[in-house]
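Asks: This is the content of run24.csv (CSV, C-alpha atoms and all ligand atoms):
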chain,number,residue,atom,x,y,z
G,2,MET,CA,74.3,71.9,49.5
G,3,THR,CA,75.0,74.5,46.8
G,4,PRO,CA,77.8,74.3,44.2
G,5,LYS,CA,79.6,76.9,46.3
G,6,PHE,CA,80.2,74.5,49.1
G,7,HIS,CA,81.1,71.7,46.8
G,8,GLY,CA,83.7,74.0,45.3
G,9,GLU,CA,85.1,74.8,48.7
G,10,GLN,CA,85.4,71.1,49.7
G,11,GLU,CA,87.2,70.4,46.5
G,12,ALA,CA,89.5,73.2,47.1
G,13,HIS,CA,90.3,71.9,50.6
G,14,CYS,CA,91.1,68.5,49.2
G,15,VAL,CA,93.8,69.8,46.8
G,16,ASP,CA,96.9,68.7,48.5
G,17,THR,CA,99.0,71.6,49.8
G,18,ASP,CA,98.9,73.3,46.5
G,19,LEU,CA,98.0,76.8,47.5
G,20,PRO,CA,98.0,78.6,44.1
G,21,THR,CA,95.5,76.0,42.8
G,22,VAL,CA,93.3,76.5,45.8
G,23,VAL,CA,93.3,80.3,45.3
G,24,SER,CA,92.5,80.0,41.6
G,25,LEU,CA,89.7,77.5,42.2
G,26,ARG,CA,88.0,79.9,44.6
G,27,SER,CA,88.4,83.0,42.5
G,28,ASP,CA,87.1,81.2,39.4
G,29,ARG,CA,83.9,80.1,41.1
G,30,LEU,CA,83.0,82.6,43.8
G,31,ARG,CA,82.0,86.2,43.4
G,32,ILE,CA,82.5,88.6,46.3
G,33,TYR,CA,79.9,91.2,47.0
G,34,ASP,CA,81.1,94.1,49.2
G,35,ILE,CA,78.0,95.0,51.2
G,36,THR,CA,79.8,97.7,53.2
G,37,PRO,CA,79.1,101.4,52.5
G,38,PRO,CA,82.2,103.6,52.2
G,39,ILE,CA,83.2,105.2,55.5
G,40,THR,CA,83.5,108.9,54.9
G,41,PRO,CA,82.6,112.1,56.9
G,42,GLN,CA,79.4,112.2,54.8
G,43,LEU,CA,78.2,108.8,56.0
G,44,LYS,CA,75.0,109.4,57.8
G,45,VAL,CA,74.9,108.4,61.5
G,46,TRP,CA,72.0,108.5,64.0
G,47,PRO,CA,71.2,112.1,65.0
G,48,GLY,CA,73.5,113.1,67.8
G,49,ASP,CA,76.0,110.3,67.1
G,50,THR,CA,79.6,110.9,65.9
G,51,PRO,CA,80.2,110.8,62.1
G,52,PRO,CA,83.5,109.3,60.9
G,53,GLU,CA,86.3,111.9,60.9
G,54,ARG,CA,89.9,111.4,59.8
G,55,GLN,CA,92.5,113.5,61.6
G,56,VAL,CA,95.8,113.6,59.8
G,57,ARG,CA,98.8,113.5,62.3
G,58,LEU,CA,101.6,113.2,59.7
G,59,ASP,CA,101.4,113.6,56.0
G,60,MET,CA,104.1,112.7,53.4
G,61,ALA,CA,102.6,115.3,51.0
G,62,GLN,CA,103.7,117.9,53.7
G,63,GLY,CA,107.2,116.4,54.0
G,64,ASP,CA,106.6,114.0,56.9
G,65,ASN,CA,108.4,110.6,56.6
G,66,ILE,CA,105.1,108.7,56.8
G,67,THR,CA,101.4,109.4,56.5
G,68,LEU,CA,99.5,108.7,59.8
G,69,SER,CA,95.9,109.4,60.7
G,70,THR,CA,93.4,108.9,63.5
G,71,LEU,CA,89.9,107.7,63.0
G,72,ARG,CA,87.2,109.2,65.2
G,73,THR,CA,83.7,107.7,64.8
G,74,THR,CA,80.7,106.1,66.4
G,75,VAL,CA,81.1,102.3,66.3
G,76,HIS,CA,77.6,102.3,64.7
G,77,ALA,CA,79.0,103.7,61.4
G,78,GLY,CA,77.8,102.2,58.2
G,79,ALA,CA,77.8,98.4,58.2
G,80,HIS,CA,78.2,97.4,61.8
G,81,ALA,CA,77.4,94.8,64.4
G,82,ASP,CA,75.3,95.8,67.4
G,83,ALA,CA,76.5,94.2,70.6
G,84,PRO,CA,73.7,93.1,73.0
G,85,SER,CA,75.1,95.7,75.5
G,86,HIS,CA,73.8,98.4,73.1
G,87,TYR,CA,70.2,97.5,74.1
G,88,GLY,CA,70.4,95.4,77.2
G,89,VAL,CA,71.8,96.2,80.7
G,90,ASP,CA,74.7,93.9,81.6
G,91,ALA,CA,74.4,92.2,78.2
G,92,ALA,CA,77.5,91.1,76.2
G,93,SER,CA,79.8,93.7,74.8
G,94,ILE,CA,81.1,93.2,71.3
G,95,GLU,CA,84.3,91.3,72.1
G,96,ASN,CA,82.2,88.7,73.7
G,97,CYS,CA,80.0,88.0,70.7
G,98,PRO,CA,81.0,84.7,69.0
G,99,LEU,CA,82.9,85.2,65.7
G,100,GLU,CA,81.2,82.1,64.2
G,101,THR,CA,77.9,83.9,64.3
G,102,TYR,CA,79.3,86.5,61.8
G,103,LEU,CA,80.8,83.9,59.5
G,104,GLY,CA,79.1,81.2,57.4
G,105,PRO,CA,76.1,80.3,55.3
G,106,CYS,CA,73.7,83.2,54.9
G,107,GLN,CA,70.5,83.9,52.9
G,108,VAL,CA,69.7,87.2,51.3
G,109,VAL,CA,65.9,87.8,51.2
G,110,ARG,CA,64.3,90.7,49.3
G,111,ILE,CA,61.1,92.1,50.8
G,112,GLU,CA,58.7,94.6,49.4
G,113,ALA,CA,58.3,96.4,52.7
G,114,PRO,CA,56.3,99.5,52.8
G,115,ARG,CA,58.2,102.4,54.3
G,116,LYS,CA,57.8,103.1,58.0
G,117,THR,CA,56.4,99.6,58.7
G,118,ARG,CA,57.7,96.5,60.4
G,119,ILE,CA,58.4,93.4,58.4
G,120,THR,CA,56.2,90.5,59.6
G,121,PRO,CA,56.7,86.8,59.1
G,122,GLN,CA,53.8,86.9,56.6
G,123,MET,CA,55.9,89.2,54.4
G,124,ILE,CA,58.7,86.6,54.0
G,125,GLU,CA,57.9,84.6,50.8
G,126,ASP,CA,61.2,82.7,50.7
G,127,GLU,CA,61.7,79.5,52.6
G,128,ILE,CA,64.5,80.2,55.2
G,129,HIS,CA,67.2,77.5,55.0
G,130,ALA,CA,70.3,79.3,56.4
G,131,PRO,CA,71.2,80.3,59.9
G,132,ARG,CA,71.9,83.9,58.9
G,133,VAL,CA,69.4,86.0,57.1
G,134,LEU,CA,70.0,89.4,55.5
G,135,LEU,CA,66.8,91.5,54.8
G,136,SER,CA,67.0,93.6,51.7
G,137,THR,CA,64.3,96.3,52.0
G,138,GLY,CA,65.5,99.0,49.7
G,139,THR,CA,64.1,101.6,52.1
G,140,PHE,CA,67.5,103.2,53.0
G,141,PRO,CA,69.0,103.5,49.6
G,142,ASN,CA,71.6,106.2,50.2
G,143,SER,CA,74.1,105.9,53.1
G,144,GLU,CA,74.9,109.6,52.8
G,145,GLU,CA,71.2,110.7,53.4
G,146,LEU,CA,69.3,110.0,56.6
G,147,SER,CA,65.9,108.9,55.3
G,148,THR,CA,63.9,108.3,58.5
G,149,ASP,CA,61.0,106.3,56.9
G,150,PHE,CA,62.9,103.1,56.6
G,151,ALA,CA,61.3,99.7,57.2
G,152,ALA,CA,62.1,97.8,60.4
G,153,ILE,CA,61.7,94.3,61.9
G,154,SER,CA,58.7,93.1,63.9
G,155,PRO,CA,59.4,91.2,67.2
G,156,GLU,CA,57.2,88.4,65.6
G,157,LEU,CA,59.7,88.1,62.8
G,158,VAL,CA,62.6,87.8,65.2
G,159,ASN,CA,60.7,85.1,67.1
G,160,SER,CA,59.8,83.1,64.0
G,161,PHE,CA,63.4,83.3,62.7
G,162,ALA,CA,64.7,82.2,66.1
G,163,ASP,CA,62.3,79.3,66.1
G,164,ALA,CA,63.8,78.3,62.7
G,165,GLY,CA,67.3,78.3,64.2
G,166,VAL,CA,68.5,81.6,62.8
G,167,VAL,CA,71.4,83.1,64.8
G,168,LEU,CA,71.9,86.5,63.0
G,169,ILE,CA,69.7,88.9,61.2
G,170,GLY,CA,71.1,91.8,59.1
G,171,ILE,CA,69.3,94.6,57.5
G,172,ASP,CA,70.0,97.4,55.0
G,173,THR,CA,68.7,100.2,57.3
G,174,PRO,CA,70.4,101.9,60.3
G,175,SER,CA,68.2,100.2,62.8
G,176,VAL,CA,66.2,97.0,63.3
G,177,ASP,CA,63.5,99.2,64.9
G,178,LEU,CA,61.6,102.1,63.4
G,179,PHE,CA,63.3,105.5,63.5
G,180,ASP,CA,61.0,107.0,66.1
G,181,SER,CA,60.7,103.9,68.2
G,182,LYS,CA,61.5,104.5,71.9
G,183,GLU,CA,60.5,101.1,73.2
G,184,LEU,CA,62.7,99.2,70.7
G,185,PRO,CA,60.6,96.0,70.6
G,186,ALA,CA,62.7,94.4,67.9
G,187,HIS,CA,66.0,95.0,69.8
G,188,LYS,CA,64.3,93.5,72.9
G,189,ALA,CA,63.2,90.4,71.0
G,190,PHE,CA,66.8,90.0,69.7
G,191,LEU,CA,68.1,90.2,73.3
G,192,ALA,CA,65.5,87.8,74.6
G,193,ARG,CA,66.2,85.2,71.8
G,194,GLY,CA,70.0,85.6,71.8
G,195,ILE,CA,70.2,86.5,68.1
G,196,LEU,CA,72.8,89.0,66.9
G,197,ILE,CA,72.3,92.0,64.6
G,198,LEU,CA,74.0,93.6,61.6
G,199,GLU,CA,72.8,97.0,60.5
G,200,GLY,CA,73.6,99.5,57.7
G,201,LEU,CA,74.3,96.8,55.0
G,202,ARG,CA,74.3,97.7,51.3
G,203,LEU,CA,72.3,95.0,49.7
G,204,ALA,CA,70.8,96.7,46.6
G,205,ASP,CA,73.1,94.9,44.1
G,206,VAL,CA,73.0,91.5,45.7
G,207,PRO,CA,70.6,89.0,44.1
G,208,PRO,CA,68.5,87.1,46.6
G,209,GLY,CA,70.0,83.7,47.4
G,210,THR,CA,72.5,81.8,49.5
G,211,TYR,CA,76.0,83.0,50.2
G,212,GLU,CA,78.8,82.8,52.7
G,213,LEU,CA,78.7,85.8,55.0
G,214,ILE,CA,81.9,87.3,56.4
G,215,ALA,CA,81.3,90.3,58.6
G,216,LEU,CA,83.7,90.2,61.6
G,217,PRO,CA,83.5,92.8,64.4
G,218,LEU,CA,86.7,94.1,65.9
G,219,PRO,CA,87.5,93.0,69.5
G,220,LEU,CA,86.7,96.5,70.9
G,221,VAL,CA,86.7,95.6,74.6
G,222,GLY,CA,83.6,96.9,76.4
G,223,PHE,CA,82.1,98.5,73.3
G,224,ASP,CA,78.4,98.4,72.3
G,225,GLY,CA,79.1,97.5,68.7
G,226,SER,CA,81.8,97.6,66.0
G,227,PRO,CA,82.1,98.5,62.3
G,228,VAL,CA,82.4,95.4,60.1
G,229,ARG,CA,83.7,94.9,56.6
G,230,ALA,CA,80.8,92.9,55.4
G,231,VAL,CA,81.1,90.7,52.3
G,232,LEU,CA,79.1,87.9,50.8
G,233,ARG,CA,80.8,85.2,48.8
G,234,GLY,CA,78.9,83.0,46.5
O,301,ZN,ZN,73.6,99.9,65.7
Translate this file's structure into structure tokens.
Replies:
Amino acid sequence: MTPKFHGEQEAHCVDTDLPTVVSLRSDRLRIYDITPPITPQLKVWPGDTPPERQVRLDMAQGDNITLSTLRTTVHAGAHADAPSHYGVDAASIENCPLETYLGPCQVVRIEAPRKTRITPQMIEDEIHAPRVLLSTGTFPNSEELSTDFAAISPELVNSFADAGVVLIGIDTPSVDLFDSKELPAHKAFLARGILILEGLRLADVPPGTYELIALPLPLVGFDGSPVRAVLRG
């Protein structure tokens, strides 16, 4: 157990004194926002729909409220892939269990060469959390589509699955290589029942153990959802 969890247990034990609970948490825990900003410049997969804000009403123009519509791929920036994105008749996003996206999480930094798949041999840290975020540094700018980012090998998915991991996240737009058509990593995730987060912003997060909070919206029938992903620890 890390001090973080001790802190939370103490906080829960403080009897119905909400302000004390809040101050205990903010004193001890730092929040890392690992979500890139959602703007029209955010790079999405070629052919996919970038975020667009359509203003329906605008107080600056004399309307009584400001009201806008968001049009975007659900795979914009930090997002959860639903299994239905890469498997016929597989679960859509509203059926993915929320507890998978919430809880102890380990951030691992890997010196991954560009355009290669991360293998189990490249993981130097001992994995001790059921959620693992891979910080590759190979997709440093969310407003630029660099296509030579690193990806995940099916062997890594299998070895994490064997260790009890339920979710793997990565700081690139895909768990497979950019030009992969066969999508062997996605297929391994499907076969092992592990869920995926993509497009995370991990450059400023030191490797270590955190609490992950990255909840997808209940978009019924959809193949994914944007998430506001944060790490607390
Ligand atoms: Zn995706």
Asks: Can you list every residue of chain G that has an atom at most 10 Å from ligand ZN 301 (chain O), with its nearest atom pair and the distance in Å to one decimal, using only C-alpha atoms and all ligand atoms, ordered by chain then number, as JSON lines?
Replies:
{"residue": "G:Val45", "atom": "CA", "partner": "O:ZN301", "partner_atom": "ZN", "distance": 9.6}
{"residue": "G:Trp46", "atom": "CA", "partner": "O:ZN301", "partner_atom": "ZN", "distance": 8.9}
{"residue": "G:Thr74", "atom": "CA", "partner": "O:ZN301", "partner_atom": "ZN", "distance": 9.5}
{"residue": "G:Val75", "atom": "CA", "partner": "O:ZN301", "partner_atom": "ZN", "distance": 7.9}
{"residue": "G:His76", "atom": "CA", "partner": "O:ZN301", "partner_atom": "ZN", "distance": 4.8}
{"residue": "G:Ala77", "atom": "CA", "partner": "O:ZN301", "partner_atom": "ZN", "distance": 7.9}
{"residue": "G:Gly78", "atom": "CA", "partner": "O:ZN301", "partner_atom": "ZN", "distance": 8.9}
{"residue": "G:Ala79", "atom": "CA", "partner": "O:ZN301", "partner_atom": "ZN", "distance": 8.7}
{"residue": "G:His80", "atom": "CA", "partner": "O:ZN301", "partner_atom": "ZN", "distance": 6.5}
{"residue": "G:Ala81", "atom": "CA", "partner": "O:ZN301", "partner_atom": "ZN", "distance": 6.5}
{"residue": "G:Asp82", "atom": "CA", "partner": "O:ZN301", "partner_atom": "ZN", "distance": 4.8}
{"residue": "G:Ala83", "atom": "CA", "partner": "O:ZN301", "partner_atom": "ZN", "distance": 8.1}
{"residue": "G:Pro84", "atom": "CA", "partner": "O:ZN301", "partner_atom": "ZN", "distance": 10.0}
{"residue": "G:His86", "atom": "CA", "partner": "O:ZN301", "partner_atom": "ZN", "distance": 7.6}
{"residue": "G:Tyr87", "atom": "CA", "partner": "O:ZN301", "partner_atom": "ZN", "distance": 9.4}
{"residue": "G:Thr173", "atom": "CA", "partner": "O:ZN301", "partner_atom": "ZN", "distance": 9.7}
{"residue": "G:Pro174", "atom": "CA", "partner": "O:ZN301", "partner_atom": "ZN", "distance": 6.6}
{"residue": "G:Ser175", "atom": "CA", "partner": "O:ZN301", "partner_atom": "ZN", "distance": 6.1}
{"residue": "G:Val176", "atom": "CA", "partner": "O:ZN301", "partner_atom": "ZN", "distance": 8.3}
{"residue": "G:His187", "atom": "CA", "partner": "O:ZN301", "partner_atom": "ZN", "distance": 9.9}
{"residue": "G:Ile197", "atom": "CA", "partner": "O:ZN301", "partner_atom": "ZN", "distance": 8.1}
{"residue": "G:Leu198", "atom": "CA", "partner": "O:ZN301", "partner_atom": "ZN", "distance": 7.5}
{"residue": "G:Glu199", "atom": "CA", "partner": "O:ZN301", "partner_atom": "ZN", "distance": 6.0}
{"residue": "G:Gly200", "atom": "CA", "partner": "O:ZN301", "partner_atom": "ZN", "distance": 8.0}
{"residue": "G:Asp224", "atom": "CA", "partner": "O:ZN301", "partner_atom": "ZN", "distance": 8.3}
{"residue": "G:Gly225", "atom": "CA", "partner": "O:ZN301", "partner_atom": "ZN", "distance": 6.7}
{"residue": "G:Ser226", "atom": "CA", "partner": "O:ZN301", "partner_atom": "ZN", "distance": 8.5}
{"residue": "G:Pro227", "atom": "CA", "partner": "O:ZN301", "partner_atom": "ZN", "distance": 9.3}
Asks: Could you check which of G:Met60, G:Gly104, G:Asp172, G:Ala164 is closest to Ser143 (chain G), using only C-alpha atoms?
Replies: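 Distance minimum relative to Ser143 (chain G) lands on G:Asp172.
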Asks: Of the candidates G:Ser154, G:Lys44, G:Gln107, G:Gln62, which shows the shortest atom-to-atom distance to His129 (chain G), using only C-alpha atoms?
Replies: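 Checking each of G:Ser154, G:Lys44, G:Gln107, G:Gln62 against His129 (chain G), counting only C-alpha atoms, the winner is G:Gln107.
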Asks: Would you mind listing what lies within 10 Å of Gly165 (chain G) as a PyMOL selection string, with all atoms listed in the file counted and same-chain residues fewer than 2 positions away left out?
Replies: chain G and resi 128-132+159-163+167-168+195
Asks: Just the number, please: distance in Å from CA of Pro37 (chain G) to CA of Arg110 (chain G), one decimal.
Replies: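 Calculated distance between CA of Pro37 (chain G) and CA of Arg110 (chain G) is 18.5 Å.
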Asks: For region 47-53 of chain G, please output as an mmCIF file with C-alpha atoms, in the frame of the given file all residues within 7 Å (counting all atoms listed in the file; exclusion window: fewer than 3 positions along the same chain).
Replies:
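Output contents, as saved in part-v4.cif:
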data_model
loop_
_atom_site.group_PDB
_atom_site.id
_atom_site.type_symbol
_atom_site.label_atom_id
_atom_site.label_comp_id
_atom_site.auth_asym_id
_atom_site.auth_seq_id
_atom_site.Cartn_x
_atom_site.Cartn_y
_atom_site.Cartn_z
ATOM 1 C CA ILE G 39 83.200 105.200 55.500
ATOM 2 C CA THR G 40 83.500 108.900 54.900
ATOM 3 C CA PRO G 41 82.600 112.100 56.900
ATOM 4 C CA LEU G 43 78.200 108.800 56.000
ATOM 5 C CA LYS G 44 75.000 109.400 57.800
ATOM 6 C CA LEU G 71 89.900 107.700 63.000
ATOM 7 C CA ARG G 72 87.200 109.200 65.200
ATOM 8 C CA THR G 73 83.700 107.700 64.800
ATOM 9 C CA THR G 74 80.700 106.100 66.400
#
Asks: Please measure the separation of CA of Glu156 (chain G) and CA of Pro98 (chain G), giving the value in Å to one decimal.
Replies: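 Going from CA of Glu156 (chain G) over to CA of Pro98 (chain G) covers 24.3 Å.
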Asks: Name all residues at most 6 Å from Val231 (chain G) (count only C-alpha atoms; drop same-chain ones fewer than 2 positions away) and give them as an MDAnalysis selection string.
Replies: chainID G and resid 33:35 214
Asks: With all atoms listed in the file as the basis for distance, which of G:Leu201, G:Val56, G:Gly234, G:Thr148 is at the shortest distance from Lys116 (chain G)?
Replies: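 Of all the options, G:Thr148 lies closest to Lys116 (chain G).
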Asks: Find the spatial neighbours of Leu232 (chain G), counting all atoms listed in the file, within a cut-off of 12 Å - ignore same-chain residues fewer than 2 positions away - and output them as a ChimeraX atom specification.
Replies: /G:5,30-36,102-108,132-134,201-203,205-216,229-230,234
Asks: Since we have the selection now, will you write its residues out, keeping C-alpha atoms, as a short mmCIF file (atom, residue, chain, number, x, y, z; two decimals), keeping the file's coordinate frame?
Replies:
data_model
loop_
_atom_site.label_atom_id
_atom_site.label_comp_id
_atom_site.auth_asym_id
_atom_site.auth_seq_id
_atom_site.Cartn_x
_atom_site.Cartn_y
_atom_site.Cartn_z
CA LYS G 5 79.60 76.90 46.30
CA LEU G 30 83.00 82.60 43.80
CA ARG G 31 82.00 86.20 43.40
CA ILE G 32 82.50 88.60 46.30
CA TYR G 33 79.90 91.20 47.00
CA ASP G 34 81.10 94.10 49.20
CA ILE G 35 78.00 95.00 51.20
CA THR G 36 79.80 97.70 53.20
CA TYR G 102 79.30 86.50 61.80
CA LEU G 103 80.80 83.90 59.50
CA GLY G 104 79.10 81.20 57.40
CA PRO G 105 76.10 80.30 55.30
CA CYS G 106 73.70 83.20 54.90
CA GLN G 107 70.50 83.90 52.90
CA VAL G 108 69.70 87.20 51.30
CA ARG G 132 71.90 83.90 58.90
CA VAL G 133 69.40 86.00 57.10
CA LEU G 134 70.00 89.40 55.50
CA LEU G 201 74.30 96.80 55.00
CA ARG G 202 74.30 97.70 51.30
CA LEU G 203 72.30 95.00 49.70
CA ASP G 205 73.10 94.90 44.10
CA VAL G 206 73.00 91.50 45.70
CA PRO G 207 70.60 89.00 44.10
CA PRO G 208 68.50 87.10 46.60
CA GLY G 209 70.00 83.70 47.40
CA THR G 210 72.50 81.80 49.50
CA TYR G 211 76.00 83.00 50.20
CA GLU G 212 78.80 82.80 52.70
CA LEU G 213 78.70 85.80 55.00
CA ILE G 214 81.90 87.30 56.40
CA ALA G 215 81.30 90.30 58.60
CA LEU G 216 83.70 90.20 61.60
CA ARG G 229 83.70 94.90 56.60
CA ALA G 230 80.80 92.90 55.40
CA GLY G 234 78.90 83.00 46.50
#
